[in-house]
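Visitor: Data file entry_17.cif (mmCIF, C-alpha atoms and all ligand atoms) is appended below.
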data_entry
loop_
_atom_site.label_atom_id
_atom_site.label_comp_id
_atom_site.auth_asym_id
_atom_site.auth_seq_id
_atom_site.Cartn_x
_atom_site.Cartn_y
_atom_site.Cartn_z
CA MET A 1 -56.62 -5.07 88.71
CA ARG A 2 -59.69 -5.26 86.58
CA ALA A 3 -62.93 -7.04 87.38
CA TYR A 4 -66.00 -8.04 85.41
CA ILE A 5 -69.52 -9.25 85.93
CA LEU A 6 -70.45 -11.47 83.00
CA PRO A 7 -73.34 -13.88 82.41
CA HIS A 8 -72.88 -17.38 81.02
CA PRO A 9 -75.68 -18.35 78.62
CA PRO A 10 -74.37 -21.11 76.31
CA ILE A 11 -76.72 -19.67 73.70
CA ALA A 12 -74.43 -16.63 73.47
CA VAL A 13 -71.80 -18.86 71.88
CA PRO A 14 -72.52 -19.06 68.13
CA GLU A 15 -71.65 -22.78 67.94
CA VAL A 16 -74.52 -23.37 70.39
CA GLY A 17 -76.92 -20.51 69.77
CA GLY A 18 -76.84 -20.25 65.98
CA ASP A 19 -79.29 -17.56 64.86
CA GLU A 20 -80.81 -17.26 68.35
CA ILE A 21 -77.84 -15.10 69.21
CA LEU A 22 -79.39 -12.30 67.15
CA LYS A 23 -82.04 -11.96 69.87
CA ILE A 24 -79.40 -11.05 72.45
CA ASP A 25 -77.47 -8.69 70.28
CA ALA A 26 -76.60 -6.27 73.11
CA THR A 27 -75.27 -9.11 75.25
CA GLU A 28 -73.13 -10.44 72.43
CA LYS A 29 -71.65 -7.01 71.70
CA SER A 30 -70.97 -6.39 75.40
CA PHE A 31 -69.30 -9.78 75.77
CA ALA A 32 -67.02 -8.86 72.88
CA LYS A 33 -66.23 -5.46 74.40
CA ALA A 34 -65.47 -6.87 77.86
CA ALA A 35 -63.34 -9.60 76.27
CA LYS A 36 -61.37 -7.01 74.32
CA ASP A 37 -60.79 -5.11 77.55
CA ILE A 38 -59.43 -8.27 79.19
CA ALA A 39 -57.20 -9.14 76.24
CA GLU A 40 -55.79 -5.59 76.21
CA TYR A 41 -55.05 -5.80 79.92
CA ASP A 42 -53.33 -9.12 79.13
CA PRO A 43 -53.55 -10.79 82.54
CA GLU A 44 -51.27 -13.60 83.66
CA THR A 45 -54.23 -15.16 85.43
CA VAL A 46 -57.99 -14.95 85.16
CA VAL A 47 -59.82 -15.82 88.38
CA VAL A 48 -63.31 -17.07 87.56
CA ILE A 49 -65.94 -17.27 90.26
CA SER A 50 -68.57 -19.59 88.83
CA PRO A 51 -71.60 -21.22 90.48
CA HIS A 52 -71.69 -24.11 88.00
CA ASN A 53 -68.64 -25.97 89.12
CA ILE A 54 -68.86 -28.32 92.12
CA MET A 55 -70.53 -26.23 94.81
CA PHE A 56 -70.89 -26.81 98.53
CA LYS A 57 -73.28 -25.22 100.99
CA ASP A 58 -70.71 -24.73 103.70
CA ALA A 59 -67.35 -24.37 101.92
CA PHE A 60 -65.80 -22.69 98.91
CA TYR A 61 -64.52 -25.05 96.24
CA ILE A 62 -61.32 -24.48 94.29
CA ALA A 63 -60.43 -26.74 91.35
CA LYS A 64 -57.12 -28.50 91.99
CA GLY A 65 -54.71 -30.00 89.50
CA PRO A 66 -52.65 -28.92 86.52
CA GLY A 67 -55.59 -27.86 84.38
CA GLY A 68 -58.84 -28.78 82.69
CA VAL A 69 -60.60 -28.89 79.35
CA GLY A 70 -63.52 -26.63 78.64
CA ASN A 71 -66.10 -26.90 75.89
CA LEU A 72 -69.86 -26.80 75.46
CA ALA A 73 -70.34 -30.43 74.37
CA ARG A 74 -73.19 -30.71 76.91
CA PHE A 75 -74.96 -28.01 74.92
CA GLY A 76 -74.25 -29.61 71.55
CA ALA A 77 -70.97 -27.86 70.69
CA PRO A 78 -67.87 -30.01 71.34
CA ASP A 79 -65.80 -27.37 69.48
CA PRO A 80 -64.02 -25.23 70.35
CA SER A 81 -62.43 -27.26 73.12
CA VAL A 82 -59.78 -25.37 75.07
CA TYR A 83 -57.19 -26.57 77.59
CA TYR A 84 -56.91 -24.24 80.57
CA GLU A 85 -53.82 -24.43 82.76
CA TYR A 86 -54.55 -23.72 86.41
CA ASP A 87 -52.50 -21.18 88.35
CA THR A 88 -51.66 -23.57 91.18
CA GLU A 89 -49.42 -21.10 93.00
CA LEU A 90 -52.28 -18.62 93.29
CA SER A 91 -54.84 -21.33 94.13
CA GLU A 92 -52.57 -22.59 96.90
CA GLU A 93 -52.05 -19.12 98.32
CA ILE A 94 -55.84 -18.64 98.47
CA VAL A 95 -56.17 -21.98 100.24
CA ARG A 96 -53.39 -21.04 102.68
CA LEU A 97 -55.12 -17.75 103.52
CA CYS A 98 -58.45 -19.56 103.95
CA GLU A 99 -56.81 -21.89 106.45
CA GLU A 100 -55.12 -19.00 108.27
CA PHE A 101 -58.35 -17.01 108.54
CA LYS A 102 -60.60 -20.04 109.12
CA VAL A 103 -62.66 -19.71 105.96
CA PRO A 104 -63.85 -23.21 104.94
CA VAL A 105 -62.42 -24.29 101.62
CA ALA A 106 -62.34 -27.54 99.64
CA TYR A 107 -59.30 -27.77 97.37
CA SER A 108 -59.78 -30.96 95.46
CA PRO A 109 -59.11 -32.52 92.07
CA GLU A 110 -62.62 -33.99 92.03
CA GLY A 111 -64.42 -32.57 89.02
CA SER A 112 -61.50 -30.29 88.22
CA GLU A 113 -60.67 -31.60 84.76
CA THR A 114 -63.95 -30.53 83.20
CA VAL A 115 -64.27 -26.78 83.04
CA ASP A 116 -67.88 -25.74 83.65
CA HIS A 117 -69.98 -23.59 81.33
CA GLY A 118 -70.00 -20.74 83.86
CA THR A 119 -66.30 -20.46 83.09
CA VAL A 120 -66.28 -21.54 79.44
CA VAL A 121 -68.88 -19.09 78.09
CA PRO A 122 -67.19 -15.82 79.20
CA LEU A 123 -63.74 -17.17 78.30
CA TYR A 124 -64.95 -18.19 74.85
CA TYR A 125 -65.17 -14.50 74.01
CA VAL A 126 -61.84 -13.70 75.65
CA ASN A 127 -60.06 -16.43 73.68
CA ARG A 128 -61.61 -15.16 70.49
CA GLU A 129 -59.89 -11.81 71.12
CA TYR A 130 -56.60 -13.63 71.61
CA LYS A 131 -57.36 -15.73 68.50
CA SER A 132 -56.55 -18.78 70.59
CA ASP A 133 -58.68 -21.90 70.40
CA LYS A 134 -56.72 -24.92 71.66
CA LYS A 135 -54.80 -23.69 74.71
CA SER A 136 -55.58 -20.55 76.61
CA PRO A 137 -52.89 -17.82 76.69
CA TYR A 138 -53.43 -17.15 80.40
CA LYS A 139 -53.80 -19.38 83.45
CA ILE A 140 -57.02 -19.62 85.38
CA VAL A 141 -58.20 -20.17 88.95
CA ARG A 142 -61.67 -21.66 89.30
CA ILE A 143 -63.56 -20.88 92.48
CA SER A 144 -67.13 -21.77 93.38
CA PRO A 145 -69.08 -19.62 95.81
CA SER A 146 -70.77 -21.28 98.81
CA LEU A 147 -74.10 -20.70 100.50
CA LEU A 148 -72.39 -19.20 103.55
CA SER A 149 -73.39 -15.74 104.83
CA ASP A 150 -72.76 -12.52 102.92
CA ALA A 151 -70.07 -11.63 105.47
CA VAL A 152 -68.15 -14.84 104.73
CA LEU A 153 -68.57 -14.39 100.96
CA TYR A 154 -67.22 -10.85 101.31
CA ASP A 155 -64.24 -12.05 103.36
CA MET A 156 -63.49 -14.80 100.85
CA GLY A 157 -63.39 -12.19 98.11
CA TYR A 158 -60.86 -10.20 100.08
CA LEU A 159 -58.67 -13.28 100.60
CA ILE A 160 -58.68 -13.87 96.84
CA GLU A 161 -57.48 -10.29 96.28
CA ARG A 162 -54.84 -10.59 99.01
CA ALA A 163 -53.58 -13.84 97.52
CA ILE A 164 -53.26 -12.14 94.12
CA ALA A 165 -51.21 -9.39 95.80
CA HIS A 166 -49.06 -11.90 97.71
CA VAL A 167 -48.03 -13.82 94.63
CA GLY A 168 -47.73 -10.61 92.61
CA ARG A 169 -50.04 -11.61 89.77
CA ARG A 170 -51.35 -9.39 87.06
CA ALA A 171 -54.87 -10.72 87.33
CA VAL A 172 -58.47 -10.06 86.50
CA ILE A 173 -61.47 -11.42 88.37
CA ILE A 174 -64.65 -12.48 86.61
CA ALA A 175 -67.80 -12.99 88.65
CA SER A 176 -69.74 -15.21 86.27
CA GLY A 177 -73.45 -15.13 87.00
CA ASP A 178 -76.88 -14.81 85.46
CA LEU A 179 -79.51 -12.63 87.08
CA SER A 180 -83.12 -13.68 87.64
CA HIS A 181 -84.41 -16.75 85.78
CA LYS A 182 -88.02 -15.67 86.40
CA LEU A 183 -88.53 -12.70 84.12
CA LYS A 184 -91.17 -14.03 81.69
CA GLU A 185 -94.17 -16.33 81.71
CA ASP A 186 -92.78 -18.17 78.69
CA GLY A 187 -89.22 -18.26 80.13
CA PRO A 188 -87.68 -21.43 81.59
CA TYR A 189 -88.94 -20.79 85.15
CA GLY A 190 -91.98 -18.58 84.57
CA PHE A 191 -92.57 -15.12 85.98
CA ILE A 192 -92.47 -13.68 89.47
CA LYS A 193 -92.48 -9.95 90.20
CA GLU A 194 -89.33 -10.30 92.31
CA GLY A 195 -87.48 -11.38 89.14
CA PRO A 196 -87.38 -7.96 87.45
CA GLN A 197 -87.07 -6.31 90.89
CA PHE A 198 -83.88 -8.21 91.59
CA ASP A 199 -82.42 -7.46 88.18
CA GLU A 200 -83.13 -3.77 88.54
CA ALA A 201 -81.56 -3.63 92.00
CA VAL A 202 -78.46 -5.57 90.91
CA THR A 203 -77.86 -3.52 87.78
CA GLU A 204 -78.26 -0.29 89.79
CA VAL A 205 -75.45 -1.44 92.09
CA MET A 206 -73.27 -2.34 89.09
CA LYS A 207 -73.83 1.12 87.59
CA SER A 208 -73.02 2.88 90.87
CA GLY A 209 -69.76 1.01 91.45
CA ARG A 210 -70.65 0.81 95.18
CA LEU A 211 -70.46 -2.95 95.17
CA GLU A 212 -70.89 -3.31 98.95
CA ASP A 213 -74.53 -2.33 98.24
CA PHE A 214 -75.17 -5.79 96.77
CA THR A 215 -75.71 -6.95 100.36
CA ASN A 216 -78.45 -4.32 100.85
CA ILE A 217 -80.70 -5.92 98.22
CA ASP A 218 -83.89 -7.21 99.81
CA LYS A 219 -83.30 -10.80 100.95
CA ASP A 220 -86.74 -12.05 99.86
CA VAL A 221 -86.37 -10.50 96.42
CA ASN A 222 -82.96 -12.14 96.13
CA ASP A 223 -84.21 -15.56 97.28
CA LEU A 224 -87.33 -15.57 95.08
CA SER A 225 -85.65 -14.24 91.93
CA ALA A 226 -83.89 -17.57 91.12
CA ASN A 227 -80.55 -16.03 90.19
CA CYS A 228 -77.18 -17.78 90.19
CA GLY A 229 -74.93 -14.72 90.28
CA TYR A 230 -75.48 -13.10 93.67
CA PRO A 231 -72.94 -15.00 95.84
CA GLY A 232 -70.20 -14.37 93.29
CA PHE A 233 -71.11 -10.68 93.10
CA VAL A 234 -70.70 -10.35 96.88
CA MET A 235 -67.32 -12.09 96.65
CA LEU A 236 -66.31 -9.61 93.96
CA ALA A 237 -67.36 -6.73 96.23
CA GLY A 238 -65.13 -8.15 98.96
CA ALA A 239 -62.23 -8.51 96.56
CA LEU A 240 -62.44 -4.85 95.51
CA GLN A 241 -62.89 -3.22 98.93
CA ASP A 242 -59.44 -1.53 98.82
CA TYR A 243 -60.05 -0.11 95.34
CA LYS A 244 -61.54 2.97 93.78
CA ILE A 245 -63.94 1.47 91.28
CA THR A 246 -64.89 3.06 87.98
CA PRO A 247 -67.78 1.06 86.54
CA GLU A 248 -68.58 0.82 82.87
CA PHE A 249 -72.02 -0.73 82.61
CA LEU A 250 -72.41 -2.24 79.16
CA SER A 251 -75.81 -3.86 78.88
CA TYR A 252 -78.77 -5.68 80.37
CA GLU A 253 -81.10 -8.04 78.53
CA GLY A 254 -83.82 -10.47 79.58
CA THR A 255 -84.98 -11.70 76.17
CA PHE A 256 -85.29 -15.38 77.10
CA GLY A 257 -86.68 -14.80 80.59
CA VAL A 258 -83.21 -14.87 82.18
CA GLY A 259 -81.38 -11.63 83.03
CA TYR A 260 -77.93 -10.99 81.56
CA GLY A 261 -75.99 -8.02 82.98
CA ILE A 262 -72.51 -7.07 81.81
CA CYS A 263 -70.24 -4.58 83.56
CA ILE A 264 -66.52 -3.73 83.53
CA PHE A 265 -64.92 -2.41 86.73
CA LYS A 266 -61.65 -0.52 86.36
CA CYS A 267 -59.97 -0.63 89.74
CA GLU A 268 -57.33 1.55 91.30
CA ASN A 269 -55.96 0.68 94.71
CA TRP A 270 -56.72 3.50 97.15
CA TYR A 271 -53.29 3.38 98.85
CA VAL A 272 -51.49 3.50 95.52
CA ARG A 273 -53.70 6.31 94.24
CA LEU A 274 -53.00 8.30 97.40
CA ALA A 275 -49.21 7.80 97.28
CA LYS A 276 -49.12 8.82 93.64
CA ALA A 277 -51.29 11.91 94.16
CA SER A 278 -49.25 12.99 97.16
CA LEU A 279 -45.85 12.78 95.47
CA GLU A 280 -47.11 14.33 92.23
CA LYS A 281 -48.54 17.34 94.03
CA PHE A 282 -45.35 17.82 96.02
CA VAL A 283 -43.05 17.55 93.02
CA LYS A 284 -45.20 20.00 91.03
CA THR A 285 -46.03 22.56 93.72
CA LEU A 286 -44.10 21.67 96.91
CA GLY A 287 -47.54 21.48 98.50
CA LYS A 288 -49.32 18.68 100.31
CA LEU A 289 -52.73 17.16 99.63
CA ALA A 290 -55.40 18.76 101.77
CA GLY A 291 -59.13 19.38 102.17
CA GLU A 292 -61.13 18.64 99.05
CA GLU A 293 -58.30 16.62 97.47
CA LEU A 294 -58.56 14.07 100.28
CA SER A 295 -62.34 13.97 100.53
CA GLU A 296 -62.76 11.06 98.10
CA TYR A 297 -60.58 8.68 100.13
CA PRO A 298 -62.48 6.09 102.16
CA ASP A 299 -62.75 6.14 105.93
CA PHE A 300 -60.76 2.98 106.54
CA LEU A 301 -57.59 4.93 105.72
CA ARG A 302 -58.42 7.31 108.57
CA LYS A 303 -59.24 4.58 111.07
CA GLU A 304 -56.11 2.54 110.57
CA LYS A 305 -52.76 3.43 112.17
CA ALA A 306 -49.64 1.58 111.06
CA GLY A 307 -46.15 1.95 109.69
CA VAL A 308 -46.08 2.30 105.91
CA PHE A 309 -43.42 1.73 103.26
CA VAL A 310 -43.77 3.45 99.90
CA CYS A 311 -41.59 2.09 97.11
CA ILE A 312 -41.34 3.66 93.69
CA LYS A 313 -40.09 2.00 90.53
CA LYS A 314 -39.27 3.43 87.14
CA ARG A 315 -39.14 1.02 84.20
CA GLY A 316 -38.84 -1.86 86.64
CA GLN A 317 -35.91 -0.33 88.56
CA LEU A 318 -36.14 0.91 92.14
CA ARG A 319 -36.37 4.70 92.19
CA GLY A 320 -36.90 5.28 95.93
CA CYS A 321 -38.25 3.47 98.98
CA ILE A 322 -38.82 4.90 102.44
CA GLY A 323 -40.94 3.68 105.31
CA THR A 324 -41.78 3.61 108.95
CA ILE A 325 -41.80 0.46 111.07
CA LEU A 326 -44.23 1.96 113.58
CA PRO A 327 -46.73 4.73 112.80
CA THR A 328 -45.51 8.32 113.05
CA TYR A 329 -48.77 10.04 112.03
CA ASP A 330 -52.38 9.90 113.24
CA ASP A 331 -53.58 7.53 110.54
CA THR A 332 -52.57 5.59 107.44
CA LEU A 333 -53.84 8.35 105.18
CA GLU A 334 -51.32 10.87 106.53
CA GLU A 335 -48.61 8.24 106.87
CA THR A 336 -48.93 7.24 103.21
CA CYS A 337 -48.98 10.86 101.99
CA ALA A 338 -45.84 11.73 103.95
CA LEU A 339 -43.88 8.62 103.02
CA ALA A 340 -44.70 8.92 99.33
CA ILE A 341 -43.08 12.35 99.40
CA SER A 342 -40.08 10.97 101.30
CA ALA A 343 -39.67 8.03 98.93
CA GLY A 344 -39.61 10.38 95.94
CA THR A 345 -37.52 13.19 97.37
CA ALA A 346 -35.55 12.00 100.40
CA ASP A 347 -34.15 8.54 99.73
CA PRO A 348 -30.38 9.16 100.07
CA ARG A 349 -29.65 6.48 97.46
CA PHE A 350 -31.38 8.39 94.67
CA ASP A 351 -31.76 11.86 93.15
CA LYS A 352 -35.05 13.60 93.76
CA VAL A 353 -37.84 12.62 91.38
CA THR A 354 -38.41 15.29 88.71
CA GLU A 355 -41.70 16.35 87.20
CA SER A 356 -40.90 14.81 83.82
CA GLU A 357 -40.44 11.37 85.43
CA LEU A 358 -43.84 11.31 87.15
CA PRO A 359 -45.81 9.59 84.36
CA GLU A 360 -43.36 6.68 84.34
CA LEU A 361 -43.44 5.87 88.04
CA GLU A 362 -45.08 2.84 89.62
CA TYR A 363 -45.93 2.72 93.29
CA THR A 364 -46.17 0.01 95.91
CA VAL A 365 -47.53 0.71 99.38
CA ASP A 366 -46.82 -1.80 102.15
CA VAL A 367 -48.83 -1.41 105.34
CA MET A 368 -46.79 -2.88 108.17
CA GLY A 369 -47.91 -5.49 110.66
CA ALA A 370 -46.39 -5.34 114.15
CA PRO A 371 -42.84 -6.76 114.33
CA GLU A 372 -42.30 -9.75 116.62
CA PRO A 373 -39.10 -11.43 117.84
CA ALA A 374 -38.19 -14.48 115.77
CA THR A 375 -35.48 -17.07 115.27
CA LYS A 376 -33.94 -17.76 111.89
CA ASP A 377 -36.03 -20.95 111.61
CA GLU A 378 -39.22 -18.93 111.92
CA LEU A 379 -38.43 -16.76 108.89
CA ASP A 380 -39.82 -17.11 105.38
CA GLU A 381 -38.56 -14.59 102.85
CA LYS A 382 -41.85 -14.65 100.95
CA ARG A 383 -44.20 -14.17 103.91
CA TYR A 384 -42.20 -12.15 106.44
CA GLY A 385 -40.09 -9.06 106.32
CA VAL A 386 -37.11 -9.02 108.66
CA ILE A 387 -35.44 -6.51 110.99
CA VAL A 388 -31.95 -7.18 112.32
CA THR A 389 -30.61 -5.14 115.22
CA VAL A 390 -27.32 -4.74 117.09
CA GLY A 391 -27.50 -1.86 119.58
CA ARG A 392 -28.52 1.18 117.56
CA ARG A 393 -27.68 -0.33 114.20
CA ARG A 394 -30.69 -1.70 112.43
CA GLY A 395 -31.40 -3.15 108.97
CA LEU A 396 -34.81 -3.93 107.47
CA LEU A 397 -35.96 -5.79 104.40
CA LEU A 398 -39.53 -6.10 103.17
CA PRO A 399 -40.90 -9.56 102.32
CA ASN A 400 -41.47 -11.08 98.92
CA LEU A 401 -39.00 -8.99 96.93
CA GLU A 402 -37.89 -9.85 93.44
CA GLY A 403 -34.41 -11.41 93.52
CA VAL A 404 -34.52 -12.37 97.21
CA ASP A 405 -35.00 -16.13 97.17
CA SER A 406 -33.83 -17.41 100.55
CA VAL A 407 -33.79 -16.51 104.23
CA ASP A 408 -29.97 -16.37 104.12
CA GLU A 409 -30.09 -13.82 101.34
CA GLN A 410 -32.72 -11.81 103.18
CA LEU A 411 -30.63 -11.72 106.36
CA GLU A 412 -27.46 -10.86 104.48
CA ILE A 413 -29.05 -7.87 102.74
CA SER A 414 -30.70 -6.68 105.96
CA CYS A 415 -27.35 -6.83 107.79
CA ARG A 416 -25.64 -4.91 105.02
CA LYS A 417 -28.33 -2.21 105.13
CA GLY A 418 -27.87 -1.90 108.89
CA GLY A 419 -24.06 -1.87 108.77
CA ILE A 420 -24.04 -5.15 110.68
CA SER A 421 -21.58 -7.98 110.05
CA PRO A 422 -23.35 -11.31 109.38
CA PHE A 423 -21.07 -12.82 112.04
CA GLU A 424 -22.26 -10.49 114.79
CA ASP A 425 -24.80 -11.71 117.30
CA TYR A 426 -27.80 -9.76 116.01
CA GLU A 427 -31.43 -9.83 117.13
CA ILE A 428 -34.05 -10.84 114.60
CA GLU A 429 -37.63 -9.61 114.31
CA ARG A 430 -40.12 -10.58 111.64
CA PHE A 431 -43.22 -8.77 110.37
CA MET A 432 -45.93 -9.18 107.76
CA VAL A 433 -47.12 -6.51 105.35
CA GLU A 434 -50.26 -5.91 103.37
CA ARG A 435 -48.87 -5.01 99.96
CA HIS A 436 -50.83 -2.71 97.65
CA THR A 437 -49.93 -2.30 94.00
ZN ZN A 501 -76.01 -19.80 85.95
#
Please render this file's structure as structure tokens.
Ligand SMILES: [Zn+2]

Guide:
Amino acid sequence: MRAYILPHPPIAVPEVGGDEILKIDATEKSFAKAAKDIAEYDPETVVVISPHNIMFKDAFYIAKGPGGVGNLARFGAPDPSVYYEYDTELSEEIVRLCEEFKVPVAYSPEGSETVDHGTVVPLYYVNREYKSDKKSPYKIVRISPSLLSDAVLYDMGYLIERAIAHVGRRAVIIASGDLSHKLKEDGPYGFIKEGPQFDEAVTEVMKSGRLEDFTNIDKDVNDLSANCGYPGFVMLAGALQDYKITPEFLSYEGTFGVGYGICIFKCENWYVRLAKASLEKFVKTLGKLAGEELSEYPDFLRKEKAGVFVCIKKRGQLRGCIGTILPTYDDTLEETCALAISAGTADPRFDKVTESELPELEYTVDVMGAPEPATKDELDEKRYGVIVTVGRRRGLLLPNLEGVDSVDEQLEISCRKGGISPFEDYEIERFMVERHT
């Protein structure tokens, strides 16, 4: 996962800004650098959080439909005009999670066909890297923030990230937002001292990578600064809460009285980082992570207690997968460390991982939800894993696996793994997982 904070001044697009663009040289160069970073990452989907689409006070808005056209005709530049296909599967998974966790969301085609400038301006630069000007080479999801509390914005961000994990997308998230609009007397909204104060506070948080600190910015400063980015920044913080963030702050400018901050966030999932570090140390030294090596990991890994499955792939092929249904260690940190070593060295289906293979391995960590009894009708191979049991024989299959496309298939494989005949009278349990990749 990668994430970006980008502004959206139409004037940064040469077809609109003309020579004015020379006055925001740093912003233009940073846009180009961030866009190059996105193009190199080559996402399947770009999620854009923009405050200039339809926006509601009390609900998040997600553009519905097959796609929309984006250009800056409103700002005098009808070209380039790009067709953006929407990632409806991802949009629908976000909506489903919102409904499940009671986060208010409006998923509607109203206003969906016209892609707003908060989305168009950053993507203009991205498309230029791809040398694509009529149809975008990736799909997009367009989400508007709401004026709900910071806590709800943060939760919504997390649901977006979970939805990306559930549908298995290679995705980037852009929080599109300008900073204060009140930086200069001769700017569009005049000057207020809270303007520069807000911009300084926000850019400090970007530079630190501790994005949860956005919510510590003084509320009055935030309110008075006349910015449009803050709600989206808090959503981004929520989306990245399971990740180690390495920020690359590119630039800040306020030439026209409006603040433009640009930052790239490289993100590594904490669970995945931990599994990788644990197996690598064991393969190289037979030792386990301890003391200082574990000090960087966040507290939530020490507070949580759950079964964990670690699966390892090499060049797309399974290379080991071992897990626990119920926790066997004091916390998820220890559980993940131990199971990563097991997956790499004790899966009876595979040889032990060797040191030379380590750079090629990819890790998935599934944190188990509690299993519950279920009937066949209550299964869904995408959402639920399954456990089948007859006496002491037991077979388990994780949810949402490549190549498993029906409940029947899921049950058949689980039975085979447990040495159970599909015609036996077996008990079924289902469980959910939080998948980390
Ligand atoms: Zn704006």

Visitor: Please return as a list in words the residues found within 7 Å of ligand ZN 501 (chain A), counting only C-alpha atoms and all ligand atoms.

Guide: His8, Pro51, His52, Gly118, Gly177, Asp178, Cys228 and Gly229 of chain A

Visitor: By how many Å are CA of Phe214 in chain A and CA of Val202 in chain A apart?

Guide: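 Pair CA of Phe214 in chain A / CA of Val202 in chain A returns 6.7 Å.
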
Visitor: Hey, can you pull every residue with an atom no more than 7 Å from (-66.7, -15.9, 68.7), using only C-alpha atoms, and send it as a PyMOL selection string?

Guide: chain A and resi 13-14+124-125+128

Visitor: Please compute the CA of Ala175 in chain A-CA of Asp87 in chain A distance, one decimal, in Å.

Guide: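 About the pair CA of Ala175 in chain A and CA of Asp87 in chain A: they are 17.4 Å apart.
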
Visitor: For range 167-173 of chain A, work out the shell of residues within 7 Å, counting all atoms listed in the file and skipping chain neighbours fewer than 5 positions away, then give it as an MDAnalysis selection string.

Guide: chainID A and resid 1:4 43:48 90

Visitor: Could you check how far CA of Ile264 in chain A sits from CA of Phe249 in chain A, in Å to one decimal?

Guide: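 It comes out at 6.3 Å.
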
Visitor: Which residue out of A:Ala165, A:Gln317, A:Thr437, A:Gly68 has the minimum interatomic distance to Glu360 in chain A when only C-alpha atoms are used?

Guide: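 Once distances to Glu360 in chain A are computed over only C-alpha atoms, the minimum belongs to A:Gln317.
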
Visitor: I'd like the neighbourhood of Asn227 in chain A as an NGL selection string, where a residue qualifies if any of its atoms comes within 12 Å (using only C-alpha atoms), though same-chain residues fewer than 2 positions away should be ignored.

Guide: :A and (7 or 51 or 176-183 or 189 or 194-199 or 202 or 221-225 or 229-233 or 257-261)

Visitor: A:Lys57, A:Arg319, A:Lys23, A:Arg416: which is nearest Gly344 in chain A, counting only C-alpha atoms?

Guide: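 Ranked by minimum distance to Gly344 in chain A, first place goes to A:Arg319.
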
Visitor: Using all atoms listed in the file, which residue out of A:Leu250, A:Ala370, A:Val120, A:Ala106 lies closest to Tyr61 in chain A?

Guide: A:Ala106

Visitor: Which residues are near Lys376 in chain A? Cut-off 12 Å, all atoms listed in the file, ignore same chain within fewer than 3 positions. Put them as a PDB file with C-alpha atoms, keeping the file's coordinate frame.

Guide:
ATOM      1  CA  PRO A 373     -39.100 -11.430 117.840  1.00  0.00           C
ATOM      2  CA  LEU A 379     -38.430 -16.760 108.890  1.00  0.00           C
ATOM      3  CA  ASP A 380     -39.820 -17.110 105.380  1.00  0.00           C
ATOM      4  CA  GLU A 381     -38.560 -14.590 102.850  1.00  0.00           C
ATOM      5  CA  TYR A 384     -42.200 -12.150 106.440  1.00  0.00           C
ATOM      6  CA  VAL A 386     -37.110  -9.020 108.660  1.00  0.00           C
ATOM      7  CA  ILE A 387     -35.440  -6.510 110.990  1.00  0.00           C
ATOM      8  CA  VAL A 388     -31.950  -7.180 112.320  1.00  0.00           C
ATOM      9  CA  SER A 406     -33.830 -17.410 100.550  1.00  0.00           C
ATOM     10  CA  VAL A 407     -33.790 -16.510 104.230  1.00  0.00           C
ATOM     11  CA  ASP A 408     -29.970 -16.370 104.120  1.00  0.00           C
ATOM     12  CA  GLU A 409     -30.090 -13.820 101.340  1.00  0.00           C
ATOM     13  CA  GLN A 410     -32.720 -11.810 103.180  1.00  0.00           C
ATOM     14  CA  LEU A 411     -30.630 -11.720 106.360  1.00  0.00           C
ATOM     15  CA  TYR A 426     -27.800  -9.760 116.010  1.00  0.00           C
ATOM     16  CA  GLU A 427     -31.430  -9.830 117.130  1.00  0.00           C
ATOM     17  CA  ILE A 428     -34.050 -10.840 114.600  1.00  0.00           C
ATOM     18  CA  GLU A 429     -37.630  -9.610 114.310  1.00  0.00           C
ATOM     19  CA  ARG A 430     -40.120 -10.580 111.640  1.00  0.00           C
TER      20      ARG A 430
END
